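Everything below belongs to coords-v9.txt, which stores compact mmCIF, C-alpha atoms and all ligand atoms.
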```txt
# COMPACT_ATOMS: atom_id res chain seq x y z
CA MET A 5 89.11 13.57 -23.44
CA ARG A 6 86.99 16.06 -25.34
CA VAL A 7 83.82 14.54 -26.73
CA ALA A 8 81.48 15.88 -29.42
CA ALA A 9 78.07 14.49 -30.34
CA VAL A 10 76.67 14.81 -33.85
CA ILE A 11 72.92 14.31 -33.67
CA VAL A 12 71.55 13.52 -37.09
CA ALA A 13 67.96 14.49 -37.74
CA ALA A 14 68.27 14.73 -41.47
CA GLY A 15 65.58 12.26 -42.55
CA ARG A 16 62.04 13.41 -43.24
CA GLY A 17 60.50 10.43 -41.49
CA GLU A 18 58.09 9.82 -44.35
CA ARG A 19 57.10 6.45 -42.92
CA LEU A 20 55.43 8.31 -40.05
CA GLY A 21 53.38 10.34 -42.50
CA GLY A 22 52.03 13.73 -41.57
CA ALA A 23 53.33 17.20 -42.25
CA VAL A 24 55.53 17.50 -39.17
CA PRO A 25 59.03 16.05 -39.56
CA LYS A 26 59.30 13.14 -37.14
CA GLN A 27 62.13 14.80 -35.22
CA LEU A 28 59.72 17.60 -34.30
CA LEU A 29 56.86 15.41 -33.11
CA ASP A 30 55.89 15.73 -29.49
CA LEU A 31 57.11 13.15 -27.03
CA GLY A 32 55.87 13.91 -23.53
CA GLY A 33 56.08 17.67 -23.85
CA ARG A 34 59.36 17.93 -25.73
CA THR A 35 60.13 17.19 -29.35
CA VAL A 36 61.84 13.93 -30.27
CA LEU A 37 64.88 15.99 -31.34
CA GLN A 38 64.96 18.01 -28.11
CA ARG A 39 64.91 14.80 -26.08
CA SER A 40 67.85 13.43 -28.03
CA VAL A 41 69.80 16.67 -27.53
CA ASP A 42 68.90 16.75 -23.83
CA ALA A 43 70.08 13.16 -23.35
CA PHE A 44 73.58 14.11 -24.45
CA ILE A 45 73.76 17.49 -22.73
CA SER A 46 72.41 16.19 -19.42
CA SER A 47 74.77 13.18 -19.53
CA GLY A 48 77.66 15.50 -18.69
CA LEU A 49 79.78 13.32 -20.98
CA VAL A 50 79.72 15.57 -24.02
CA ASP A 51 81.50 18.90 -24.48
CA GLU A 52 79.77 20.02 -27.64
CA VAL A 53 76.72 19.08 -29.69
CA VAL A 54 76.15 19.48 -33.41
CA VAL A 55 72.62 18.99 -34.70
CA VAL A 56 72.11 18.18 -38.39
CA LEU A 57 68.67 19.10 -39.70
CA PRO A 58 67.04 18.79 -43.11
CA ALA A 59 67.79 21.97 -45.04
CA ASP A 60 64.11 22.89 -45.47
CA VAL A 61 63.37 22.42 -41.77
CA LEU A 62 66.36 24.57 -40.91
CA ALA A 63 65.31 27.23 -43.46
CA GLY A 64 61.80 27.23 -42.00
CA ALA A 65 63.36 28.26 -38.67
CA SER A 66 60.67 26.14 -37.04
CA VAL A 67 63.16 24.49 -34.72
CA GLU A 68 63.95 25.99 -31.38
CA LEU A 69 66.37 24.02 -29.30
CA ASP A 70 66.78 24.71 -25.65
CA HIS A 71 70.37 23.83 -24.90
CA GLY A 72 70.80 25.04 -21.34
CA GLY A 73 73.89 27.06 -22.26
CA ALA A 74 75.84 24.09 -23.66
CA PRO A 75 77.64 24.77 -26.93
CA ILE A 76 75.44 23.64 -29.77
CA THR A 77 75.72 24.15 -33.51
CA VAL A 78 72.95 23.49 -36.00
CA VAL A 79 73.83 22.70 -39.62
CA ALA A 80 71.91 21.61 -42.70
CA GLY A 81 72.11 17.98 -43.76
CA GLY A 82 72.88 16.40 -47.11
CA ALA A 83 71.16 13.99 -49.47
CA ARG A 84 72.24 10.75 -47.81
CA ARG A 85 72.65 9.98 -44.13
CA GLN A 86 76.41 9.75 -44.54
CA ASP A 87 76.45 13.17 -46.23
CA SER A 88 74.61 14.61 -43.26
CA VAL A 89 77.09 13.06 -40.84
CA ALA A 90 79.91 14.53 -42.93
CA ARG A 91 78.34 18.01 -42.68
CA GLY A 92 77.96 17.58 -38.94
CA PHE A 93 81.55 16.40 -38.57
CA GLU A 94 82.79 19.52 -40.39
CA ALA A 95 81.16 21.60 -37.65
CA VAL A 96 82.84 19.70 -34.82
CA SER A 97 85.61 21.69 -33.17
CA GLY A 98 89.22 20.74 -33.82
CA GLU A 99 89.75 19.81 -30.17
CA ALA A 100 87.22 16.97 -30.09
CA GLU A 101 89.01 13.65 -29.72
CA VAL A 102 85.98 11.37 -29.73
CA VAL A 103 82.95 12.04 -31.92
CA LEU A 104 79.64 10.31 -31.30
CA VAL A 105 77.09 9.99 -34.06
CA HIS A 106 73.52 9.61 -32.87
CA ASP A 107 70.23 9.28 -34.68
CA ALA A 108 67.78 11.91 -33.42
CA ALA A 109 65.02 9.33 -33.86
CA ARG A 110 66.40 7.53 -30.77
CA PRO A 111 65.38 10.05 -28.10
CA LEU A 112 65.34 7.54 -25.23
CA VAL A 113 69.07 6.86 -25.19
CA THR A 114 70.41 6.58 -21.64
CA ARG A 115 73.49 8.05 -20.00
CA ASP A 116 74.87 4.54 -19.44
CA VAL A 117 74.76 3.71 -23.13
CA ILE A 118 76.43 7.02 -24.00
CA ALA A 119 79.11 6.41 -21.34
CA ARG A 120 79.90 2.90 -22.61
CA THR A 121 80.16 4.14 -26.20
CA VAL A 122 82.45 7.04 -25.28
CA ALA A 123 84.75 4.81 -23.21
CA ALA A 124 85.06 2.09 -25.84
CA ALA A 125 85.51 4.52 -28.73
CA GLY A 126 88.22 6.36 -26.82
CA ALA A 127 90.00 3.11 -25.96
CA HIS A 128 89.59 1.17 -29.21
CA GLY A 129 88.90 3.67 -31.97
CA ALA A 130 85.31 2.79 -32.84
CA ALA A 131 82.35 1.49 -30.89
CA VAL A 132 78.69 0.82 -31.52
CA ALA A 133 75.89 0.44 -29.02
CA ALA A 134 74.06 -2.76 -29.89
CA ILE A 135 71.69 -5.27 -28.37
CA GLY A 136 71.95 -9.00 -28.73
CA ALA A 137 69.23 -10.66 -30.77
CA ARG A 138 66.63 -12.14 -28.45
CA ASP A 139 64.59 -13.78 -31.16
CA THR A 140 65.91 -16.55 -33.32
CA VAL A 141 67.22 -15.07 -36.55
CA LYS A 142 66.43 -16.63 -39.91
CA ARG A 143 67.96 -15.72 -43.21
CA ALA A 144 65.38 -16.09 -45.95
CA GLU A 145 65.27 -16.36 -49.67
CA THR A 146 62.38 -16.11 -52.07
CA ARG A 147 61.11 -19.30 -53.67
CA ASP A 148 58.01 -19.27 -55.86
CA GLY A 149 57.33 -15.72 -54.69
CA ARG A 150 57.35 -16.74 -51.01
CA PRO A 151 59.95 -16.01 -48.35
CA VAL A 152 61.46 -19.31 -47.23
CA VAL A 153 64.09 -19.88 -44.55
CA LYS A 154 67.47 -20.50 -46.04
CA VAL A 155 69.38 -20.84 -42.82
CA THR A 156 69.02 -20.17 -39.09
CA LEU A 157 71.81 -17.92 -37.92
CA PRO A 158 73.55 -18.53 -34.60
CA ARG A 159 71.76 -16.04 -32.37
CA ASP A 160 74.75 -15.34 -30.11
CA GLU A 161 76.58 -13.89 -33.10
CA ILE A 162 73.76 -11.51 -34.00
CA HIS A 163 73.79 -7.97 -32.63
CA LEU A 164 71.38 -5.23 -33.60
CA ALA A 165 73.18 -1.93 -34.00
CA GLN A 166 71.79 1.19 -32.38
CA THR A 167 73.28 4.62 -31.94
CA PRO A 168 75.31 6.30 -30.55
CA GLN A 169 78.22 5.08 -32.55
CA GLY A 170 81.50 6.54 -31.32
CA PHE A 171 84.79 7.09 -33.09
CA ARG A 172 88.14 8.57 -32.42
CA ARG A 173 88.31 11.60 -34.62
CA GLU A 174 90.75 10.15 -37.17
CA VAL A 175 88.69 6.96 -37.51
CA LEU A 176 85.52 8.88 -38.29
CA ALA A 177 87.44 11.10 -40.73
CA GLU A 178 88.59 7.96 -42.54
CA ALA A 179 85.05 6.49 -42.60
CA ILE A 180 83.58 9.74 -43.92
CA ALA A 181 86.25 9.95 -46.63
CA LEU A 182 85.30 6.44 -47.72
CA GLY A 183 81.64 7.45 -47.82
CA ALA A 184 82.50 10.53 -49.87
CA SER A 185 84.30 8.35 -52.40
CA GLY A 186 80.96 6.86 -53.39
CA VAL A 187 80.71 3.90 -51.02
CA GLU A 188 77.17 3.43 -49.69
CA ALA A 189 76.67 2.36 -46.11
CA THR A 190 73.79 2.26 -43.66
CA ASP A 191 75.84 3.68 -40.81
CA GLU A 192 79.25 5.09 -40.00
CA ALA A 193 80.35 1.92 -38.21
CA MET A 194 79.92 0.06 -41.50
CA LEU A 195 82.17 2.58 -43.24
CA ALA A 196 84.75 2.18 -40.45
CA GLU A 197 84.57 -1.61 -40.87
CA MET A 198 85.04 -1.23 -44.61
CA ALA A 199 88.03 0.98 -43.89
CA GLY A 200 89.48 -1.96 -41.98
CA ARG A 201 88.97 -0.53 -38.50
CA PRO A 202 87.85 -2.80 -35.67
CA VAL A 203 84.49 -1.69 -34.33
CA CYS A 204 83.72 -2.68 -30.73
CA LEU A 205 80.23 -3.59 -29.63
CA VAL A 206 79.03 -2.13 -26.35
CA GLU A 207 75.79 -2.94 -24.62
CA GLY A 208 72.93 -0.83 -25.91
CA ASP A 209 69.49 -0.64 -24.38
CA VAL A 210 66.21 -2.16 -25.46
CA GLY A 211 64.55 1.15 -24.56
CA ASN A 212 66.88 2.97 -26.97
CA MET A 213 64.37 2.36 -29.72
CA LYS A 214 64.31 4.07 -33.09
CA ILE A 215 61.08 5.90 -33.83
CA THR A 216 60.17 5.01 -37.38
CA THR A 217 56.48 4.13 -37.41
CA GLU A 218 53.32 5.33 -35.68
CA ALA A 219 53.48 2.23 -33.50
CA ASP A 220 57.04 3.18 -32.42
CA LEU A 221 55.85 6.68 -31.55
CA ARG A 222 52.96 5.33 -29.48
CA LEU A 223 55.32 2.98 -27.65
CA ALA A 224 57.85 5.77 -27.00
CA ARG A 225 55.08 8.00 -25.66
CA ALA A 226 53.89 5.21 -23.37
CA ILE A 227 57.44 4.74 -22.06
CA VAL A 228 57.89 8.47 -21.42
CA GLU A 229 54.49 8.80 -19.75
CA GLY A 230 55.25 5.78 -17.59
CA GLU A 231 58.57 7.30 -16.51
CA GLN A 232 56.97 10.64 -15.75
CA ALA A 233 54.19 9.03 -13.74
CA GLY A 234 56.73 6.87 -11.88
CA ARG A 235 58.88 9.85 -10.93
CA GLY A 236 55.91 12.03 -10.08
CA VAL A 237 57.46 14.83 -12.11
CA ALA A 238 55.77 18.16 -12.56
CA MET A 239 53.41 18.30 -15.49
CA PRO A 240 55.35 18.74 -18.71
CA PRO A 241 54.01 21.05 -21.39
CA ARG A 242 51.02 20.02 -23.44
CA THR A 243 49.62 17.86 -20.72
CA ALA A 244 46.36 18.28 -18.96
CA ARG A 245 45.61 19.61 -15.51
CA ILE A 246 42.31 19.38 -13.70
CA GLY A 247 40.61 21.68 -11.20
CA ILE A 248 37.56 21.46 -8.98
CA GLY A 249 35.28 24.26 -7.81
CA TYR A 250 32.37 24.47 -5.41
CA ASP A 251 30.06 27.28 -4.38
CA LEU A 252 26.87 27.75 -2.40
CA HIS A 253 24.66 30.82 -2.02
CA ARG A 254 21.50 31.28 0.00
CA LEU A 255 18.23 31.95 -1.82
CA VAL A 256 16.69 35.19 -0.49
CA GLU A 257 13.88 37.58 -1.33
CA GLY A 258 14.54 40.69 -3.38
CA ARG A 259 17.46 39.42 -5.45
CA PRO A 260 17.61 38.29 -9.08
CA LEU A 261 18.50 34.65 -9.70
CA ILE A 262 21.48 34.52 -12.07
CA LEU A 263 23.14 31.18 -12.84
CA GLY A 264 25.76 30.66 -15.54
CA GLY A 265 25.18 34.25 -16.66
CA VAL A 266 21.50 33.55 -17.34
CA ARG A 267 18.75 35.40 -15.50
CA ILE A 268 16.23 32.79 -14.36
CA PRO A 269 12.70 33.96 -13.49
CA TYR A 270 12.03 33.04 -9.84
CA GLU A 271 10.59 34.70 -6.76
CA ARG A 272 13.90 34.65 -4.98
CA GLY A 273 17.56 35.11 -5.91
CA LEU A 274 20.99 34.37 -4.53
CA ALA A 275 22.44 36.47 -1.70
CA GLY A 276 25.97 37.71 -2.21
CA HIS A 277 28.35 40.59 -2.69
CA SER A 278 28.52 40.26 -6.46
CA ASP A 279 25.62 39.06 -8.58
CA ALA A 280 26.09 35.79 -6.62
CA ASP A 281 26.20 33.64 -9.74
CA ALA A 282 27.25 30.40 -8.04
CA VAL A 283 27.79 28.62 -11.37
CA CYS A 284 30.29 31.23 -12.56
CA HIS A 285 31.95 31.19 -9.15
CA ALA A 286 32.37 27.40 -9.07
CA VAL A 287 33.70 27.34 -12.65
CA THR A 288 36.06 30.23 -11.86
CA ASP A 289 37.43 28.29 -8.88
CA ALA A 290 37.80 25.13 -10.97
CA LEU A 291 39.85 27.05 -13.56
CA LEU A 292 42.02 28.75 -10.96
CA GLY A 293 42.43 25.41 -9.19
CA ALA A 294 43.55 23.66 -12.37
CA CYS A 295 46.47 26.09 -12.62
CA ALA A 296 47.06 26.38 -8.85
CA LEU A 297 46.36 30.11 -9.06
CA GLY A 298 44.51 30.47 -5.77
CA ASP A 299 40.77 30.98 -5.53
CA ILE A 300 38.06 33.47 -6.34
CA GLY A 301 38.07 34.93 -2.83
CA GLN A 302 41.76 35.83 -3.09
CA LEU A 303 41.49 37.28 -6.57
CA PHE A 304 38.21 39.13 -6.20
CA PRO A 305 37.78 39.76 -2.46
CA ASP A 306 34.27 40.67 -1.33
CA THR A 307 35.83 43.38 0.85
CA ASP A 308 36.72 45.17 -2.38
CA PRO A 309 33.85 47.51 -3.31
CA SER A 310 34.74 47.26 -7.01
CA TRP A 311 33.26 43.74 -7.04
CA LYS A 312 29.94 44.83 -5.50
CA ASP A 313 27.15 43.49 -7.72
CA ALA A 314 29.86 42.57 -10.21
CA ASP A 315 28.94 40.56 -13.28
CA SER A 316 30.38 37.16 -12.43
CA LEU A 317 30.86 36.42 -16.13
CA ALA A 318 33.50 39.17 -16.04
CA LEU A 319 35.18 37.46 -13.07
CA LEU A 320 35.10 34.20 -15.02
CA GLN A 321 36.65 35.85 -18.06
CA SER A 322 39.33 37.35 -15.86
CA ALA A 323 40.13 33.83 -14.57
CA VAL A 324 40.29 32.54 -18.16
CA ALA A 325 42.79 35.31 -18.94
CA ARG A 326 44.92 34.25 -15.95
CA VAL A 327 44.81 30.64 -17.10
CA GLY A 328 46.04 31.85 -20.49
CA GLU A 329 48.83 33.86 -18.87
CA ALA A 330 49.90 30.68 -17.08
CA GLY A 331 50.27 29.05 -20.51
CA TYR A 332 47.13 26.94 -20.48
CA GLU A 333 43.88 26.88 -22.36
CA VAL A 334 40.58 25.51 -21.18
CA VAL A 335 39.67 22.13 -22.65
CA ASN A 336 36.23 21.53 -21.13
CA ILE A 337 34.12 22.09 -18.04
CA ASP A 338 31.42 20.08 -16.35
CA VAL A 339 29.00 21.63 -13.87
CA VAL A 340 26.41 20.21 -11.47
CA VAL A 341 23.78 22.65 -10.15
CA VAL A 342 22.04 21.38 -7.01
CA THR A 343 18.74 23.09 -6.34
CA GLU A 344 15.25 21.99 -5.41
CA ARG A 345 13.54 24.92 -7.10
CA PRO A 346 13.33 26.46 -9.63
CA LYS A 347 13.80 23.81 -12.30
CA ILE A 348 17.13 24.40 -14.01
CA GLY A 349 16.64 22.07 -16.98
CA PRO A 350 14.88 24.60 -19.25
CA HIS A 351 17.82 27.03 -18.80
CA VAL A 352 20.69 24.61 -19.36
CA ALA A 353 21.04 25.36 -23.08
CA ALA A 354 21.24 29.12 -22.46
CA MET A 355 23.75 28.61 -19.64
CA ARG A 356 25.98 26.43 -21.82
CA GLU A 357 25.91 29.00 -24.58
CA THR A 358 26.65 31.91 -22.24
CA LEU A 359 29.45 30.07 -20.44
CA GLY A 360 30.86 28.94 -23.79
CA ARG A 361 31.06 32.57 -24.94
CA ALA A 362 32.83 33.59 -21.73
CA LEU A 363 35.30 30.71 -22.02
CA GLY A 364 35.80 31.03 -25.76
CA LEU A 365 34.61 27.46 -26.24
CA ASP A 366 32.06 25.69 -28.32
CA ASP A 367 29.10 24.63 -26.18
CA GLY A 368 30.14 21.03 -26.90
CA ALA A 369 32.91 21.64 -24.37
CA ILE A 370 30.49 22.92 -21.74
CA SER A 371 28.31 20.58 -19.72
CA VAL A 372 25.69 21.74 -17.21
CA LYS A 373 23.65 19.21 -15.28
CA ALA A 374 20.86 19.84 -12.79
CA LYS A 375 20.19 17.82 -9.65
CA THR A 376 17.83 18.09 -6.72
CA ASN A 377 18.87 17.11 -3.24
CA GLU A 378 15.77 14.98 -2.61
CA GLY A 379 14.51 17.42 0.00
CA VAL A 380 17.50 16.78 2.22
CA ASP A 381 19.44 19.58 3.97
CA ALA A 382 19.31 23.32 3.26
CA THR A 383 19.64 22.83 -0.48
CA GLY A 384 16.87 20.26 -0.44
CA ARG A 385 14.66 22.60 1.56
CA GLY A 386 15.12 25.21 -1.15
CA GLU A 387 17.14 27.56 1.06
CA ALA A 388 20.26 27.54 -1.12
CA VAL A 389 21.76 26.67 -4.47
CA ALA A 390 24.99 24.65 -4.51
CA VAL A 391 27.23 24.17 -7.55
CA HIS A 392 30.06 21.74 -8.26
CA ALA A 393 32.35 22.21 -11.25
CA VAL A 394 35.40 20.58 -12.76
CA ALA A 395 37.60 22.11 -15.43
CA LEU A 396 40.29 20.58 -17.59
CA VAL A 397 43.04 22.79 -18.96
CA GLY A 398 45.93 21.92 -21.26
CA ARG A 399 49.27 23.39 -22.26
CA ARG A 400 49.17 25.16 -25.56
MG MG B 501 30.15 32.60 -4.68
```
For this file, write the structure as structure tokens.
Amino acid sequence: MRVAAVIVAAGRGERLGGAVPKQLLDLGGRTVLQRSVDAFISSGLVDEVVVVLPADVLAGASVELDHGGAPITVVAGGARRQDSVARGFEAVSGEAEVVLVHDAARPLVTRDVIARTVAAAGAHGAAVAAIGARDTVKRAETRDGRPVVKVTLPRDEIHLAQTPQGFRREVLAEAIALGASGVEATDEAMLAEMAGRPVCLVEGDVGNMKITTEADLRLARAIVEGEQAGRGVAMPPRTARIGIGYDLHRLVEGRPLILGGVRIPYERGLAGHSDADAVCHAVTDALLGACALGDIGQLFPDTDPSWKDADSLALLQSAVARVGEAGYEVVNIDVVVVTERPKIGPHVAAMRETLGRALGLDDGAISVKAKTNEGVDATGRGEAVAVHAVALVGRR
């Protein structure tokens, strides 16, 4: 049985506000629309997918769908939902025997729900995924300007329709023809009912929610994040990654003391192959670590003469470039400088500014804190400077 899915994303989602159509809002690293498309393609139950988009969104060419090689057609929608479904149906191939209609604003549809809808539509002509009412249902009327219960409906007879809704091809054609004749309906199943076709109910899924409001979007994001955390999946796009860096250099005579790109007046400086700027080195390692790109020693080996007395700000900038090549941008860094002497506090502002320039960030995203080691160990005895750093990066 050849199955087509028409995914309708024709509404503007005005209730969600904002300039971005709701189908294109981010949901755990993929758009709402992409998730809906992926649900059908990855189900293995669908041979072709037609996506119906608002004409202006389509014209803006702002939609890129990754379809993993599966046949997919994108068409412009119409004024009403049923017009959009009709446009989508026109683009379905002649071989499709069952056509599913799905609302793109339900991106969390499961394979099981799709499978039940396909099977029942194939067997009985029309099927709708629905969930039984769990709350008691009241029908109300308005009296004196107030809603008042008119009657309590028997809950076991109440089912809340979701999508997908599935139809044998000829049944959907009949429903669409009825819609085209001027009949208004809230979904295709209603048109099929009005055409006198029996519409089966199959078990939907509470998680197959429709994203209509900001609260829905927040809930959907929480569900997706929970699933991703539970599966331990690799970080999806637009999520954060964190890295840690550490460095220590000995304080010796006859060297300048450079920390965070700032030359600090002191009788000793840090020993090292480059300019030995332990702050830049720790931050560089934190950035590389956040993207799992190795460490400073691998990228800028001290056996390589080209790094002798190198400006560590240049190494840091090179790491920032690599982070960018990996598809991330730096969100913020936090640095702890551990040294007994000299006092770092007076130089913190200059270090934040210099590091901010190297990282392309406002100094509000750069934190530098100074600590002493209370006279304990080599750092406490003033023999070395140690630096800890963390960096957060995010997908662009
Ligand atoms: Mg170092």
- [ ] Step by step, measure atom-to-atom distances between ligand MG 501 (chain B) and each residue using only C-alpha atoms and all ligand atoms, keep those at most 10 Å, then write them as a list in words.
- [x] Tyr250, Asp251, Leu252, His253, Arg254, Leu274, Ala275, Gly276, His277, Ser278, Asp279, Ala280, Asp281, Ala282, Val283, Cys284, His285, Ala286, Thr288, Asp289, Ile300, Gly301, Asp306, Ser316, Ala390 and Val391 of chain A
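Closest approach to A:Val397 from the set A:Val12, A:Leu317, A:Ile246, A:Ala130 is made by A:Ile246, with distances taken over only C-alpha atoms.
Using all atoms listed in the file for every distance, the candidate list A:Ala226, A:Val342, A:Ala196, A:Val141 yields A:Val141 as the residue closest to A:Arg159.
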Set out as CSV a contact list for stretch 135-196 of chain A and stretch 211-221 of chain A with a cut-off of 12 Å, giving each residue of stretch 135-196 of chain A that qualifies its closest atom pair and distance in Å to one decimal, counting all atoms listed in the file, ordered by chain and rising residue number.
```
residue,atom,partner,partner_atom,distance
A:Ile135,CA,A:Asn212,CA,9.6
A:Leu164,CA,A:Met213,CA,11.0
A:Ala165,CA,A:Asn212,CA,10.6
A:Gln166,CA,A:Asn212,CA,7.5
A:Thr167,CA,A:Asn212,CA,8.3
A:Pro168,CA,A:Asn212,CA,9.7
```
With C-alpha atoms retained, could you export that selection as a PDB file, keeping the file's coordinate frame?
```pdb
ATOM      1  CA  ILE A 135      71.690  -5.270 -28.370  1.00  0.00           C
ATOM      2  CA  LEU A 164      71.380  -5.230 -33.600  1.00  0.00           C
ATOM      3  CA  ALA A 165      73.180  -1.930 -34.000  1.00  0.00           C
ATOM      4  CA  GLN A 166      71.790   1.190 -32.380  1.00  0.00           C
ATOM      5  CA  THR A 167      73.280   4.620 -31.940  1.00  0.00           C
ATOM      6  CA  PRO A 168      75.310   6.300 -30.550  1.00  0.00           C
TER       7      PRO A 168
END
```
Task: Contact residues around stretch 179-192 of chain A with only C-alpha atoms at 9 Å, ignoring same-chain residues under 5 positions, as a count of residues only - done: 12
Open item on the list: Between atom CA of A:Glu101 and atom CA of A:His163, what is the distance in Å, rounded to a tenth?
Closed with: 26.6 Å
TODO: Kindly give the distance, in Å, that separates atom CA of A:Ile262 and atom CA of A:Ala393, rounded to a single decimal.
DONE: 16.4 Å
Task: Gap from atom CA of A:Val113 to atom CA of A:Arg245 - Å, one decimal - done: 28.4 Å
